[in-house]
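S.K.: Pasting a structure below so you can have a look.
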Amino acid sequence: MKKLMSLAFAVIAAVIGYVVVQNGGLKNLPINLGSAPPATNPAGPPPPRATDTIRVATWNIQVFGESKLADAAVMNVIVKVLRNFDVVAIQEVRAQSQDILPQLVAMLNADGRSHYDYVIGPRLGRTNSKEQYAFVFDLASIEVDRNQLYTINDPDDLLHREPLVGWFRARSTSPQQAFTFSLVNVHTDPDEVDRELDVLDDVFFAVRDDQRREDDVILLGDFNVNDKHLGQLGQISGLARVVSNNTPTNTKQNAQYDNIFFHSVATPEYTGRGGVYDFLREFNLTVDQALKVSDHFPVWAEFSVFEGGLPGPLAARP
């Protein structure tokens with residue numbers, strides 16, 4: 001929009017190695033438009049799951065690499081937390097090895113009942129300390145179009161870590177009725193957050209208007225700012241916030257950094273249930289023990305598995 005006309009958004013194709021994916025794909029996904037309830041933000045673990053819903057979460061696991069994988073107590077908490085959700089956007093995968101996510105998924109599936117998988121983006125950043133975004137998801141409830149995974153192209157270098165975009169579909173109903181949605185995985189640079197927030201509104205609309213024409217666009221991640229200071233991102237008319245009212249999302253519980261945003265009219269699938277998962281209290285950890293897991297709590301939101309929020313024939317898109 002306006003001030004950022006030079007910012008080009010494009011697909012970085014997996015076939016040239018910028019995005020590491022597995023096999024699979026989706027075809028002919030439906031879309032719809034409707035209305036949605038306002039976002040809410042209760043703290044604590046997710047309540048019992050509602051019927052015919054999926055849970056989407058975001059979590060900055062903080063320098064997630066070999067050292068955390070080697071800590072059994074830390075990984076026990078991480079695995080238990082992730083199993084609460086159907087798809088999780090992860091920030092701060094930081095390692096030279098590409099074996100971090102495969103090992104995490106193996107731990108998630110070690111109980112013999114779980115069937116998780118992942119997709120992961122390229123290493124990003126202007127310094128030697130590169131990070132990757134990833135999506136981890138439950139194959140029993142979520143399907144990803146691996147051919148549509150892409151990283152925002154930013155030729156003018158306005159974003160330190162260009163968001164990773166994935167296209168998903170709920171599996172719990174017929175493909176013709178299933179909720180489809182784009183997830184935009186975000187981690188702003190705390191030293192450049194004001195400028196980046198003034199770019200993320202353009203990212204939102206660019207993803208909405210990409211070749212898929214998916215109206216359910218969900219921005220989620222570590223925004224390094226509270227919901228009252230979102231810059232031009234916050235000026236999007238109808239933008240819903242899952243976390244608000246100064247609810248903290250960090251482990252020390254003194255700041256709000258993480259959130260989930262979507263358009264309140266375009267995404268009626270949101271059930272109104274969402275919030276911050278306080279794993280410190282859930283697992284009776286000390287602050288020091290919790291900080292070894294992450295300096296961030298996960299943020300989550302619940303959505304209907306049905307496109308438009310209700311079962312039945314889909315409305316035709318104009």
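Please note that chains go A, B, ... in the order of the structure tokens, that every chain numbers its residues from 1, and that ligands are numbered from 1 in the order shown.
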Give me the residues within 10 Å of Pro102 of chain A as a ChimeraX atom specification, counting only C-alpha atoms and dropping any in the same chain fewer than 5 places off.

M.R.: /A:107-108,117-119

S.K.: Put those residues in a file: N, CA, C and O atoms, as a short mmCIF file (atom, residue, chain, number, x, y, z; two decimals), in the first residue's frame.

M.R.:
data_model
loop_
_atom_site.label_atom_id
_atom_site.label_comp_id
_atom_site.auth_asym_id
_atom_site.auth_seq_id
_atom_site.Cartn_x
_atom_site.Cartn_y
_atom_site.Cartn_z
N MET A 107 9.90 -36.87 18.50
CA MET A 107 9.50 -36.86 19.91
C MET A 107 8.00 -36.71 20.06
O MET A 107 7.38 -37.36 20.91
N LEU A 108 7.39 -35.87 19.24
CA LEU A 108 5.94 -35.70 19.29
C LEU A 108 5.21 -37.01 18.96
O LEU A 108 4.15 -37.30 19.52
N ASP A 117 3.77 -33.62 11.69
CA ASP A 117 4.72 -33.38 10.62
C ASP A 117 5.09 -31.90 10.66
O ASP A 117 4.60 -31.15 11.52
N TYR A 118 5.92 -31.45 9.72
CA TYR A 118 6.37 -30.07 9.74
C TYR A 118 6.70 -29.59 8.33
O TYR A 118 6.90 -30.39 7.41
N VAL A 119 6.75 -28.28 8.19
CA VAL A 119 7.40 -27.62 7.06
C VAL A 119 8.25 -26.51 7.65
O VAL A 119 7.94 -25.96 8.71
#

S.K.: Going by DSSP on the backbone, which residues of segment 165-212 of chain A come out as strand (DSSP E or B)? List them as a CSV table (one decimal) with N, CA and C atoms, in the first residue's frame.

M.R.:
chain,number,residue,atom,x,y,z
A,165,VAL,N,4.9,-18.1,4.7
A,165,VAL,CA,3.4,-18.2,4.5
A,165,VAL,C,3.1,-19.7,4.1
A,166,GLY,N,2.1,-20.2,4.8
A,166,GLY,CA,1.6,-21.6,4.5
A,166,GLY,C,0.1,-21.6,4.3
A,167,TRP,N,-0.3,-22.5,3.5
A,167,TRP,CA,-1.8,-22.7,3.2
A,167,TRP,C,-2.2,-24.0,3.8
A,168,PHE,N,-3.3,-24.0,4.6
A,168,PHE,CA,-3.7,-25.1,5.3
A,168,PHE,C,-5.2,-25.4,5.1
A,169,ARG,N,-5.6,-26.6,5.5
A,169,ARG,CA,-7.0,-27.0,5.4
A,169,ARG,C,-7.3,-28.0,6.6
A,170,ALA,N,-8.4,-27.8,7.2
A,170,ALA,CA,-8.9,-28.7,8.3
A,170,ALA,C,-9.3,-30.0,7.6
A,178,ALA,N,-14.5,-27.8,4.2
A,178,ALA,CA,-13.4,-27.6,5.2
A,178,ALA,C,-12.9,-26.2,5.2
A,180,THR,N,-10.3,-23.5,5.1
A,180,THR,CA,-8.9,-23.3,4.5
A,180,THR,C,-8.4,-21.9,5.0
A,181,PHE,N,-7.1,-21.8,5.2
A,181,PHE,CA,-6.6,-20.6,5.7
A,181,PHE,C,-5.1,-20.5,5.4
A,182,SER,N,-4.6,-19.2,5.3
A,182,SER,CA,-3.2,-18.9,5.2
A,182,SER,C,-2.7,-18.5,6.6
A,183,LEU,N,-1.5,-19.1,7.0
A,183,LEU,CA,-0.8,-18.6,8.2
A,183,LEU,C,0.4,-17.9,7.7
A,184,VAL,N,0.6,-16.7,8.4
A,184,VAL,CA,1.8,-15.9,8.1
A,184,VAL,C,2.6,-15.8,9.3
A,185,ASN,N,3.7,-16.5,9.3
A,185,ASN,CA,4.6,-16.7,10.5
A,185,ASN,C,5.5,-15.5,10.6
A,186,VAL,N,5.5,-14.7,11.7
A,186,VAL,CA,6.2,-13.4,11.8
A,186,VAL,C,7.1,-13.4,13.0
A,187,HIS,N,8.3,-12.8,12.9
A,187,HIS,CA,9.1,-12.5,14.0
A,187,HIS,C,9.8,-11.1,13.7

S.K.: Taking only C-alpha atoms into account, which of A:Glu196, A:Glu131, A:Asp86, A:Glu269 comes nearest Asp216 of chain A?

M.R.: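 Among the listed residues, A:Glu269 lies closest to Asp216 of chain A.
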
S.K.: Can you tell me which residues surround Thr58 of chain A at a distance of at most 6 Å, considering only C-alpha atoms, apart from same-chain residues fewer than 4 positions away, and format the answer as a list in words?

M.R.: Val88, Ala89, Ile90, Gly221, Pro298 and Val299 of chain A

S.K.: Using DSSP on the backbone coordinates, identify all residues within segment 41-82 of chain A classified as helix (DSSP H, G or I); present the result as a list in words.

M.R.: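 Going through segment 41-82 of chain A, the helix (DSSP H, G or I) residues come out as Glu66, Ser67, Lys68, Leu69, Ala72, Ala73, Val74, Met75, Asn76, Val77, Ile78, Val79, Lys80, Val81 and Leu82 of chain A.
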
S.K.: Leaving out Thr249 of chain A and any residue of its chain fewer than 2 positions from it, which residues lie within 7 Å of it when counting only C-alpha atoms, given as a VMD selection string?

M.R.: chain A and resid 247 251 253 255 to 258 276 296 to 297

S.K.: Which is closer to Gly234 of chain A than all the others in A:Asp111, A:Val207, A:Phe262, A:Asn246, using only C-alpha atoms?

M.R.: A:Phe262
